[in-house]
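Next up, protein.cif (mmCIF, C-alpha atoms):
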```cif
data_target
loop_
_atom_site.label_atom_id
_atom_site.label_comp_id
_atom_site.auth_asym_id
_atom_site.auth_seq_id
_atom_site.Cartn_x
_atom_site.Cartn_y
_atom_site.Cartn_z
CA MET A 1 -74.86 147.92 197.40
CA PRO A 2 -74.15 149.71 200.68
CA ASP A 3 -74.11 147.72 203.88
CA THR A 4 -75.80 150.50 205.85
CA LYS A 5 -79.57 150.25 206.12
CA THR A 6 -80.50 153.27 208.22
CA VAL A 7 -78.96 156.39 209.72
CA GLU A 8 -80.31 157.73 213.00
CA LEU A 9 -79.85 161.43 213.68
CA PHE A 10 -79.27 162.93 217.11
CA ASP A 11 -79.54 166.50 218.37
CA GLY A 12 -77.14 166.45 221.26
CA GLY A 13 -78.05 163.12 222.87
CA GLN A 14 -81.66 163.08 221.69
CA SER A 15 -82.81 161.11 218.64
CA VAL A 16 -84.60 163.33 216.11
CA GLY A 17 -85.32 160.85 213.35
CA THR A 18 -84.12 157.97 211.21
CA ALA A 19 -83.40 157.98 207.48
CA THR A 20 -83.29 155.04 205.09
CA VAL A 21 -80.15 154.62 202.97
CA ASP A 22 -80.78 154.06 199.24
CA GLY A 23 -78.93 151.75 196.89
CA SER A 24 -76.32 154.41 196.15
CA GLY A 25 -75.56 155.05 199.82
CA ASN A 26 -77.46 158.34 200.00
CA TRP A 27 -79.99 159.37 202.59
CA SER A 28 -81.95 162.46 203.60
CA LYS A 29 -84.21 163.45 206.46
CA ALA A 30 -86.47 166.49 206.83
CA LEU A 31 -86.25 167.84 210.36
CA THR A 32 -88.32 170.32 212.34
CA LEU A 33 -86.26 171.65 215.23
CA SER A 34 -86.93 174.28 217.84
CA ALA A 35 -85.45 177.72 217.27
CA GLY A 36 -81.92 177.85 218.59
CA SER A 37 -78.61 176.02 218.41
CA HIS A 38 -78.34 172.35 217.53
CA ALA A 39 -75.46 169.86 217.48
CA LEU A 40 -76.32 167.11 214.98
CA THR A 41 -74.65 163.71 214.76
CA GLY A 42 -75.58 160.48 213.03
CA LYS A 43 -75.16 156.74 213.65
CA ALA A 44 -75.44 154.11 210.91
CA THR A 45 -76.97 150.68 211.36
CA ASP A 46 -76.33 147.83 208.92
CA LEU A 47 -78.54 144.96 207.81
CA ALA A 48 -77.26 142.78 210.63
CA GLY A 49 -78.11 145.38 213.27
CA ASN A 50 -74.56 146.57 213.91
CA GLU A 51 -74.33 150.22 214.90
CA SER A 52 -71.50 152.55 213.98
CA GLY A 53 -69.94 155.19 216.13
CA ALA A 54 -71.24 158.76 215.94
CA SER A 55 -70.38 160.97 213.01
CA SER A 56 -68.58 164.25 213.43
CA THR A 57 -70.79 167.00 214.86
CA VAL A 58 -72.49 169.53 212.62
CA ASN A 59 -73.47 172.72 214.47
CA LEU A 60 -76.56 174.47 213.16
CA LYS A 61 -78.76 177.34 214.22
CA SER A 62 -82.45 177.23 213.31
CA GLY A 63 -85.17 179.84 213.47
CA ASP A 64 -82.81 182.80 213.16
CA SER A 65 -85.06 185.84 213.46
CA THR A 66 -82.30 188.33 212.61
CA THR A 67 -83.47 190.82 210.00
CA PRO A 68 -81.36 193.30 208.02
CA THR A 69 -80.49 196.60 209.61
CA LEU A 70 -82.28 199.77 208.57
CA PRO A 71 -80.97 200.77 205.12
CA ASP A 72 -78.95 203.97 204.99
CA LEU A 73 -78.88 206.58 202.21
CA LEU A 74 -75.23 207.38 201.55
CA ASP A 75 -75.89 210.26 199.13
CA ASP A 76 -78.08 212.53 201.24
CA SER A 77 -77.72 216.05 199.80
CA GLY A 78 -79.04 219.44 200.78
CA SER A 79 -79.27 221.22 204.12
CA SER A 80 -79.51 218.00 206.13
CA SER A 81 -77.38 214.90 205.82
CA SER A 82 -79.96 212.72 207.57
CA ASP A 83 -83.39 213.66 206.21
CA ASN A 84 -83.17 211.16 203.32
CA VAL A 85 -83.96 213.85 200.75
CA THR A 86 -81.50 214.01 197.88
CA ASN A 87 -81.00 215.43 194.40
CA ASP A 88 -78.90 212.40 193.44
CA SER A 89 -81.16 210.33 191.18
CA THR A 90 -78.81 207.32 191.30
CA PRO A 91 -78.25 207.09 195.06
CA ARG A 92 -76.32 204.47 196.99
CA ILE A 93 -78.27 202.51 199.59
CA LYS A 94 -76.34 200.55 202.22
CA SER A 95 -77.85 197.81 204.38
CA GLY A 96 -76.72 194.59 206.01
CA VAL A 97 -77.26 191.94 208.63
CA THR A 98 -75.36 190.72 211.68
CA LEU A 99 -75.64 187.07 212.72
CA THR A 100 -74.49 185.55 215.98
CA GLY A 101 -74.28 182.00 217.22
CA PRO A 102 -72.73 178.72 216.07
CA ASN A 103 -73.15 179.34 212.34
CA SER A 104 -72.09 182.98 212.28
CA VAL A 105 -68.31 182.85 212.42
CA VAL A 106 -65.83 180.76 210.46
CA PRO A 107 -65.59 177.91 211.25
CA PRO A 108 -68.24 176.88 210.51
CA ASP A 109 -69.30 179.35 207.84
CA ALA A 110 -72.52 181.28 208.27
CA SER A 111 -75.65 180.19 206.47
CA LEU A 112 -76.28 183.48 204.69
CA ASN A 113 -76.31 182.57 201.00
CA ARG A 114 -78.13 185.39 199.17
CA TYR A 115 -79.15 188.96 199.95
CA GLU A 116 -82.06 190.76 198.31
CA VAL A 117 -82.88 194.47 198.18
CA GLU A 118 -86.34 195.57 197.05
CA ARG A 119 -87.72 198.98 196.10
CA LYS A 120 -91.23 200.45 195.93
CA THR A 121 -91.92 203.78 194.24
CA GLY A 122 -94.86 205.82 195.44
CA ALA A 123 -97.98 203.66 195.74
CA GLY A 124 -96.53 201.00 193.46
CA SER A 125 -95.64 197.43 194.36
CA TRP A 126 -92.37 196.05 195.70
CA SER A 127 -89.89 194.85 193.09
CA LYS A 128 -86.50 193.22 193.48
CA VAL A 129 -83.64 195.57 192.64
CA VAL A 130 -80.78 193.19 193.32
CA ASP A 131 -80.20 189.60 194.44
CA VAL A 132 -76.55 189.03 195.29
CA ALA A 133 -74.45 186.16 196.62
CA ASP A 134 -72.71 186.49 199.96
CA SER A 135 -69.42 186.72 198.07
CA SER A 136 -70.54 190.13 196.77
CA MET A 137 -70.98 191.50 200.29
CA THR A 138 -68.51 193.11 202.63
CA ILE A 139 -67.96 190.80 205.61
CA VAL A 140 -66.51 191.80 208.96
CA VAL A 141 -65.94 189.35 211.81
CA ASN A 142 -66.09 190.92 215.27
CA GLY A 143 -65.54 188.36 218.00
CA SER A 144 -68.59 186.11 218.05
CA THR A 145 -70.48 187.99 215.34
CA LYS A 146 -70.20 188.13 211.60
CA GLU A 147 -71.47 191.25 209.87
CA TRP A 148 -72.48 191.40 206.22
CA SER A 149 -73.16 194.67 204.41
CA TYR A 150 -74.10 195.51 200.85
CA THR A 151 -74.19 198.86 199.07
CA LEU A 152 -76.70 199.15 196.25
CA GLN A 153 -75.78 201.63 193.53
CA GLU A 154 -78.93 202.46 191.60
CA PRO A 155 -77.98 201.66 187.98
CA SER A 156 -80.26 204.23 186.31
CA ALA A 157 -81.88 207.52 187.25
CA LEU A 158 -84.94 207.35 189.49
CA VAL A 159 -87.94 209.61 188.96
CA ASN A 160 -88.70 212.42 191.37
CA ALA A 161 -90.79 210.64 193.99
CA THR A 162 -90.61 208.81 197.30
CA HIS A 163 -88.81 205.49 196.96
CA GLN A 164 -88.87 202.88 199.74
CA TYR A 165 -86.22 200.21 200.30
CA ARG A 166 -86.21 196.97 202.28
CA ALA A 167 -84.00 193.87 202.39
CA ARG A 168 -83.96 190.24 203.46
CA TRP A 169 -81.48 187.35 203.41
CA ARG A 170 -81.76 183.75 202.31
CA ASP A 171 -80.02 180.76 203.86
CA LYS A 172 -78.31 177.93 202.01
CA SER A 173 -81.44 175.79 202.23
CA GLY A 174 -83.62 178.41 200.53
CA GLY A 175 -85.31 179.78 203.66
CA TYR A 176 -85.92 183.54 203.89
CA SER A 177 -85.54 185.89 206.83
CA GLY A 178 -88.12 188.51 207.59
CA TYR A 179 -87.77 191.92 205.97
CA GLY A 180 -85.86 194.57 207.86
CA SER A 181 -87.02 198.11 208.50
CA ILE A 182 -88.01 200.29 205.56
CA LEU A 183 -86.04 203.32 204.36
CA SER A 184 -87.96 206.08 202.56
CA VAL A 185 -85.90 208.21 200.19
CA ILE A 186 -87.20 211.33 198.44
CA ILE A 187 -85.61 212.08 195.07
CA ASP A 188 -85.94 215.75 194.10
CA THR A 189 -83.90 216.98 191.16
CA THR A 190 -86.15 219.94 190.27
CA ALA A 191 -84.59 223.33 190.97
CA PRO A 192 -86.84 225.98 192.55
CA SER A 193 -87.96 229.04 190.60
CA SER A 194 -85.77 232.11 190.74
CA PRO A 195 -86.56 234.33 193.74
CA ALA A 196 -87.95 237.83 193.35
CA ILE A 197 -86.64 240.96 195.11
CA THR A 198 -89.67 243.02 196.00
CA SER A 199 -87.99 245.84 197.87
CA HIS A 200 -86.36 248.05 197.22
CA SER A 201 -86.83 249.35 193.70
CA ASN A 202 -84.07 249.06 191.15
CA GLY A 203 -81.80 252.12 191.47
CA TYR A 204 -82.90 252.95 195.03
CA VAL A 205 -80.31 255.03 196.92
CA PHE A 206 -79.78 254.58 200.69
CA THR A 207 -78.45 257.17 203.05
CA GLY A 208 -76.45 254.58 205.03
CA THR A 209 -74.79 251.24 204.59
CA SER A 210 -77.21 249.05 206.56
CA PHE A 211 -80.57 248.14 205.05
CA THR A 212 -82.97 245.21 204.60
CA ILE A 213 -83.88 243.59 201.32
CA THR A 214 -87.12 241.60 201.08
CA GLY A 215 -88.55 239.31 198.46
CA THR A 216 -90.49 236.17 197.62
CA SER A 217 -89.58 232.72 196.53
CA SER A 218 -91.58 229.62 195.67
#
```

Let me see the file written as structure tokens.
Amino acid sequence: MPDTKTVELFDGGQSVGTATVDGSGNWSKALTLSAGSHALTGKATDLAGNESGASSTVNLKSGDSTTPTLPDLLDDSGSSSSDNVTNDSTPRIKSGVTLTGPNSVVPPDASLNRYEVERKTGAGSWSKVVDVADSSMTIVVNGSTKEWSYTLQEPSALVNATHQYRARWRDKSGGYSGYGSILSVIIDTTAPSSPAITSHSNGYVFTGTSFTITGTSS
């Protein structure tokens, strides 16, 4: 039977709640904190009213409104490399998120636990394409920021249509971020019809070496 009866939690120097210790020495306390950085400590009190010293500090960041960056089509084919129109039916889509603050850089580790990418085709509904652990993501630490990125490789061929992508991240407590911006990708694998040469007639003979050929194409 543990001697401790209660544990009082503090955010900085301010009390934010008290938890009761069970017969196995465990306790828990649901907290609602303002958005921002928090330095949590705890003090235990026993049955006789004796109070312990403060625990080690746990730095947390609540209410992180960071959303994933705009997804990027890595396999953009054709005349433009930035119009998001491609003939690759299994494209790669890269997106990610950058967190800053006390739980962004090791130590302590960031709270990003899972990363989800969703797709919607045409007027259809959103469906999850992938749900990956942070260990599957590429992580870069730049000073006070920690950047995650993930590249989705579509596993099977997509139909010719407009496909939209969005992403969100989940923290270690199961809370979700908002969705980031949406990327619209047009898949077009249908070749155009053969063009027609309408002038000049087959076998036409020119007097010089400079001339104009005209035609049609759909």

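Put simply, CA of Ile186 (chain A) is 7.3 Å away from CA of Asn160 (chain A).
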
**Asked** A:Lys5, A:Ile213, A:Asp75, A:Glu116: which is nearest Asp88 (chain A), counting all atoms listed in the file?
**Response**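 Looking at the shortest contact to Asp88 (chain A), the residue is A:Asp75.
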
Nearby residues (all atoms listed in the file) at most 12 Å from Ser89 (chain A), same-chain spacing under 6 positions excluded, as a compact mmCIF listing (two decimals) with C-alpha atoms, in the coordinates of the input:
```txt
# COMPACT_ATOMS: atom_id res chain seq x y z
CA LEU A 73 -78.88 206.58 202.21
CA ASP A 75 -75.89 210.26 199.13
CA ASP A 76 -78.08 212.53 201.24
CA SER A 77 -77.72 216.05 199.80
CA GLN A 153 -75.78 201.63 193.53
CA GLU A 154 -78.93 202.46 191.60
CA PRO A 155 -77.98 201.66 187.98
CA SER A 156 -80.26 204.23 186.31
CA ALA A 157 -81.88 207.52 187.25
CA LEU A 158 -84.94 207.35 189.49
CA VAL A 159 -87.94 209.61 188.96
CA ASN A 160 -88.70 212.42 191.37
CA ALA A 161 -90.79 210.64 193.99
CA THR A 162 -90.61 208.81 197.30
CA HIS A 163 -88.81 205.49 196.96
CA VAL A 185 -85.90 208.21 200.19
CA ILE A 186 -87.20 211.33 198.44
CA ILE A 187 -85.61 212.08 195.07
CA ASP A 188 -85.94 215.75 194.10
CA THR A 189 -83.90 216.98 191.16
CA THR A 190 -86.15 219.94 190.27
```

Return as lines of an AutoDock Vina configuration file the box centre and box size in Å, one decimal, for an axis-aligned box around all listed atoms of region 124-139 of chain A padded by 4 Å per side.
```
center_x = -82.2
center_y = 193.6
center_z = 199.1
size_x = 36.6
size_y = 22.8
size_z = 21.0
```

**Request:** Go ahead and compute the interatomic distance for CA of Asp134 (chain A) and CA of Leu99 (chain A), in Å to one decimal.
**Result:**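 Computing it gives 13.1 Å between the two atoms.
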
**Item:** Contacts of region 41-52 of chain A within 7 Å, only C-alpha atoms, excl. fewer than 3 positions in-chain, as a VMD selection string
**Value:** chain A and resid 3 to 11 55 to 58

**Prompt:** Residues picked by the PyMOL selection byres ((chain A and resi 168) around 12) here, as a ChimeraX atom specification?
**Reply:** /A:65-71,95-98,112-118,128,130-132,148-150,165-167,169-171,175-182

**Request:** Have a look at CA of Thr100 (chain A) and CA of Ser62 (chain A) and let me know their distance in Å, one decimal.
**Result:**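 Separation between CA of Thr100 (chain A) and CA of Ser62 (chain A): 11.8 Å.
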
Given the PyMOL selection byres ((chain A and resi 145) around 7) and the file above, list the residues it selects as a PDB file with C-alpha atoms, in the coordinates of the input.
```pdb
ATOM      1  CA  THR A  98     -75.360 190.720 211.680  1.00  0.00           C
ATOM      2  CA  LEU A  99     -75.640 187.070 212.720  1.00  0.00           C
ATOM      3  CA  THR A 100     -74.490 185.550 215.980  1.00  0.00           C
ATOM      4  CA  SER A 104     -72.090 182.980 212.280  1.00  0.00           C
ATOM      5  CA  VAL A 105     -68.310 182.850 212.420  1.00  0.00           C
ATOM      6  CA  VAL A 141     -65.940 189.350 211.810  1.00  0.00           C
ATOM      7  CA  ASN A 142     -66.090 190.920 215.270  1.00  0.00           C
ATOM      8  CA  GLY A 143     -65.540 188.360 218.000  1.00  0.00           C
ATOM      9  CA  SER A 144     -68.590 186.110 218.050  1.00  0.00           C
ATOM     10  CA  LYS A 146     -70.200 188.130 211.600  1.00  0.00           C
ATOM     11  CA  GLU A 147     -71.470 191.250 209.870  1.00  0.00           C
TER      12      GLU A 147
END
```

**Request:** Would you mind telling me which residue in A:Leu40, A:Ser82, A:Ser201, A:Pro195 lies nearest to Gly215 (chain A) when using all atoms listed in the file?
**Result:**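 Smallest separation from Gly215 (chain A) among the options: A:Pro195.
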
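Nearest to Gly124 (chain A) of all the residues A:Gln164, A:Ser15, A:Ser193, A:Ser218 is A:Gln164, based on only C-alpha atoms.
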